[in-house]
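> Here it is: the structure, laid out below.
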Amino acid sequence: MTPDELADRLDHAATRIGPAIQRAVRHTGELGRARIRGNASGRPGPNVITGAYRNSWETQSRRLPYGAMCTIGTNAPQGRRLEFGFVGPDSLGRVYNQPPFPHVGPAIDYIGATLMMEMRYAIAEVLQ
């Protein structure tokens with residue numbers, strides 16, 4: 001491969017890397033959300049009564065120049081209490097001794113490994 005051919009290949013890859021990374025980040029976010037929902041489906045995570053909490057988990061992906069970001073989260077008020085536990089009185093004076101039922105923390109390693117794999121796939125796709 002000549003230097004000019006390499007330069008052309010890299011120029012072509014530069015135009016394709018942003019969308020490839022965006023797809024990879026979006027896909028990783030969806031897989032991460034699925035893992036968190038799965039972890040929130042019974043012990044050692046929280047028990048499922050109605051499924052509303054599990055279904056409250058959402059992903060938001062956003063494009064960045066030559067990249068992307070994804071946020072996985074819930075607006076459910078019980079989210080932090082379920083993940084970290086709660087001991088003491090609440091704002092209404094009720095006293096709790098609730099143990100933690102981690103479901104997000106155990107998913108972090110999986111999400112990180114999945115993101116690394118997806119980035120490798122994105123780079124391989126772009127450099128073909």
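Naming works like this for the structure tokens: A, B, ... for the chains as they're shown, residue 1 at the start of each chain, ligands 1 onward in shown order.
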Would you list, as a ChimeraX atom specification, the residues of chain A that end up in alpha helix (DSSP H) under DSSP run on this structure's backbone?

/A:3-39,52-55,79-84,105-127

> Next, dump the selected residues to file, keeping only C-alpha atoms, as a tab-separated table (two decimals), in the first residue's frame.


chain	number	residue	atom	x	y	z
A	3	PRO	CA	1.30	6.39	1.29
A	4	ASP	CA	-1.34	7.96	-0.98
A	5	GLU	CA	-3.52	4.86	-0.78
A	6	LEU	CA	-3.16	4.84	3.00
A	7	ALA	CA	-4.08	8.53	3.16
A	8	ASP	CA	-7.18	7.90	1.04
A	9	ARG	CA	-8.18	4.95	3.21
A	10	LEU	CA	-7.79	6.99	6.40
A	11	ASP	CA	-9.74	9.93	4.92
A	12	HIS	CA	-12.56	7.55	4.02
A	13	ALA	CA	-12.46	6.02	7.51
A	14	ALA	CA	-12.59	9.46	9.13
A	15	THR	CA	-15.94	10.19	7.48
A	16	ARG	CA	-17.38	6.87	8.68
A	17	ILE	CA	-16.06	6.64	12.24
A	18	GLY	CA	-18.62	8.96	13.86
A	19	PRO	CA	-21.71	7.04	12.72
A	20	ALA	CA	-20.06	3.69	13.51
A	21	ILE	CA	-19.27	4.81	17.06
A	22	GLN	CA	-22.78	6.19	17.46
A	23	ARG	CA	-24.31	2.83	16.49
A	24	ALA	CA	-21.95	1.00	18.85
A	25	VAL	CA	-22.71	3.28	21.81
A	26	ARG	CA	-26.47	3.08	21.20
A	27	HIS	CA	-26.29	-0.73	21.00
A	28	THR	CA	-24.19	-0.93	24.17
A	29	GLY	CA	-26.72	1.27	25.97
A	30	GLU	CA	-29.57	-1.03	25.01
A	31	LEU	CA	-27.64	-4.11	26.13
A	32	GLY	CA	-26.74	-2.35	29.39
A	33	ARG	CA	-30.35	-1.44	30.03
A	34	ALA	CA	-31.36	-5.04	29.39
A	35	ARG	CA	-28.74	-6.27	31.88
A	36	ILE	CA	-29.90	-3.80	34.55
A	37	ARG	CA	-33.53	-4.78	33.98
A	38	GLY	CA	-32.54	-8.42	34.27
A	39	ASN	CA	-30.67	-7.74	37.51
A	52	ALA	CA	-43.10	-0.77	36.81
A	53	TYR	CA	-39.66	-0.13	38.33
A	54	ARG	CA	-37.92	-2.51	35.96
A	55	ASN	CA	-39.70	-0.91	33.01
A	79	GLY	CA	-34.04	3.63	42.43
A	80	ARG	CA	-31.33	4.85	44.80
A	81	ARG	CA	-32.91	3.15	47.82
A	82	LEU	CA	-33.07	-0.17	46.02
A	83	GLU	CA	-29.48	0.04	44.78
A	84	PHE	CA	-27.82	1.35	47.95
A	105	GLY	CA	-23.41	-2.01	40.08
A	106	PRO	CA	-23.21	-5.65	38.98
A	107	ALA	CA	-23.96	-4.59	35.38
A	108	ILE	CA	-21.09	-2.07	35.14
A	109	ASP	CA	-18.35	-4.57	34.25
A	110	TYR	CA	-20.56	-6.11	31.57
A	111	ILE	CA	-21.36	-2.70	30.08
A	112	GLY	CA	-17.67	-1.72	30.00
A	113	ALA	CA	-16.63	-4.98	28.35
A	114	THR	CA	-19.46	-4.70	25.83
A	115	LEU	CA	-18.49	-1.14	24.97
A	116	MET	CA	-14.88	-2.16	24.35
A	117	MET	CA	-16.02	-4.98	22.08
A	118	GLU	CA	-18.40	-2.69	20.19
A	119	MET	CA	-15.62	-0.12	19.68
A	120	ARG	CA	-13.37	-2.82	18.22
A	121	TYR	CA	-16.16	-3.80	15.83
A	122	ALA	CA	-16.75	-0.17	14.87
A	123	ILE	CA	-13.06	0.39	14.07
A	124	ALA	CA	-12.87	-2.85	12.10
A	125	GLU	CA	-15.99	-1.86	10.15
A	126	VAL	CA	-14.57	1.55	9.30
A	127	LEU	CA	-11.12	0.30	8.27

> Excluding Arg62 of chain A and any residue of its chain fewer than 3 positions from it, enumerate the residues within 9 Å of it, using only C-alpha atoms, and give them as a VMD selection string.

chain A and resid 22 26 67 to 71

> Generate the output file for the selected residues, all heavy atoms, as a PDB file, in the first residue's frame.


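Wrote again-v5.pdb, looks like this:
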ATOM      1  N   GLN A  22     -21.432   5.906  16.977  1.00  0.00           N
ATOM      2  CA  GLN A  22     -22.783   6.190  17.465  1.00  0.00           C
ATOM      3  C   GLN A  22     -23.635   4.925  17.524  1.00  0.00           C
ATOM      4  O   GLN A  22     -24.342   4.687  18.505  1.00  0.00           O
ATOM      5  CB  GLN A  22     -23.435   7.253  16.591  1.00  0.00           C
ATOM      6  CG  GLN A  22     -22.792   8.607  16.740  1.00  0.00           C
ATOM      7  CD  GLN A  22     -23.086   9.538  15.582  1.00  0.00           C
ATOM      8  OE1 GLN A  22     -23.878   9.225  14.700  1.00  0.00           O
ATOM      9  NE2 GLN A  22     -22.419  10.680  15.565  1.00  0.00           N
ATOM     10  N   ARG A  26     -25.027   3.297  21.053  1.00  0.00           N
ATOM     11  CA  ARG A  26     -26.473   3.080  21.197  1.00  0.00           C
ATOM     12  C   ARG A  26     -26.762   1.605  21.510  1.00  0.00           C
ATOM     13  O   ARG A  26     -27.554   1.293  22.396  1.00  0.00           O
ATOM     14  CB  ARG A  26     -27.198   3.513  19.929  1.00  0.00           C
ATOM     15  CG  ARG A  26     -28.705   3.530  20.075  1.00  0.00           C
ATOM     16  CD  ARG A  26     -29.438   4.046  18.835  1.00  0.00           C
ATOM     17  NE  ARG A  26     -28.738   5.108  18.141  1.00  0.00           N
ATOM     18  CZ  ARG A  26     -28.242   4.996  16.899  1.00  0.00           C
ATOM     19  NH1 ARG A  26     -28.341   3.870  16.231  1.00  0.00           N
ATOM     20  NH2 ARG A  26     -27.634   6.009  16.333  1.00  0.00           N
ATOM     21  N   GLY A  67     -18.204  10.857  17.671  1.00  0.00           N
ATOM     22  CA  GLY A  67     -18.478   9.945  18.765  1.00  0.00           C
ATOM     23  C   GLY A  67     -19.918  10.025  19.217  1.00  0.00           C
ATOM     24  O   GLY A  67     -20.783  10.512  18.491  1.00  0.00           O
ATOM     25  N   ALA A  68     -20.154   9.543  20.421  1.00  0.00           N
ATOM     26  CA  ALA A  68     -21.504   9.530  20.985  1.00  0.00           C
ATOM     27  C   ALA A  68     -21.407   9.310  22.485  1.00  0.00           C
ATOM     28  O   ALA A  68     -20.365   8.928  23.010  1.00  0.00           O
ATOM     29  CB  ALA A  68     -22.326   8.418  20.344  1.00  0.00           C
ATOM     30  N   MET A  69     -22.515   9.546  23.159  1.00  0.00           N
ATOM     31  CA  MET A  69     -22.617   9.244  24.582  1.00  0.00           C
ATOM     32  C   MET A  69     -23.987   8.645  24.841  1.00  0.00           C
ATOM     33  O   MET A  69     -24.937   8.890  24.084  1.00  0.00           O
ATOM     34  CB  MET A  69     -22.405  10.473  25.447  1.00  0.00           C
ATOM     35  CG  MET A  69     -23.476  11.527  25.336  1.00  0.00           C
ATOM     36  SD  MET A  69     -23.284  12.882  26.482  1.00  0.00           S
ATOM     37  CE  MET A  69     -23.987  12.191  27.945  1.00  0.00           C
ATOM     38  N   CYS A  70     -24.075   7.839  25.869  1.00  0.00           N
ATOM     39  CA  CYS A  70     -25.346   7.217  26.227  1.00  0.00           C
ATOM     40  C   CYS A  70     -25.495   7.264  27.738  1.00  0.00           C
ATOM     41  O   CYS A  70     -24.541   6.998  28.469  1.00  0.00           O
ATOM     42  CB  CYS A  70     -25.381   5.765  25.730  1.00  0.00           C
ATOM     43  SG  CYS A  70     -26.919   4.934  26.127  1.00  0.00           S
ATOM     44  N   THR A  71     -26.690   7.603  28.174  1.00  0.00           N
ATOM     45  CA  THR A  71     -27.008   7.618  29.590  1.00  0.00           C
ATOM     46  C   THR A  71     -28.077   6.569  29.839  1.00  0.00           C
ATOM     47  O   THR A  71     -29.068   6.511  29.113  1.00  0.00           O
ATOM     48  CB  THR A  71     -27.538   8.997  30.019  1.00  0.00           C
ATOM     49  OG1 THR A  71     -26.562   9.986  29.685  1.00  0.00           O
ATOM     50  CG2 THR A  71     -27.831   9.042  31.500  1.00  0.00           C
TER      51      THR A  71
END

> Which one of A:Thr2, A:Ser56, A:Ser41, A:Asn97 sits closest to Ile72 of chain A if you count only C-alpha atoms?

A:Ser56
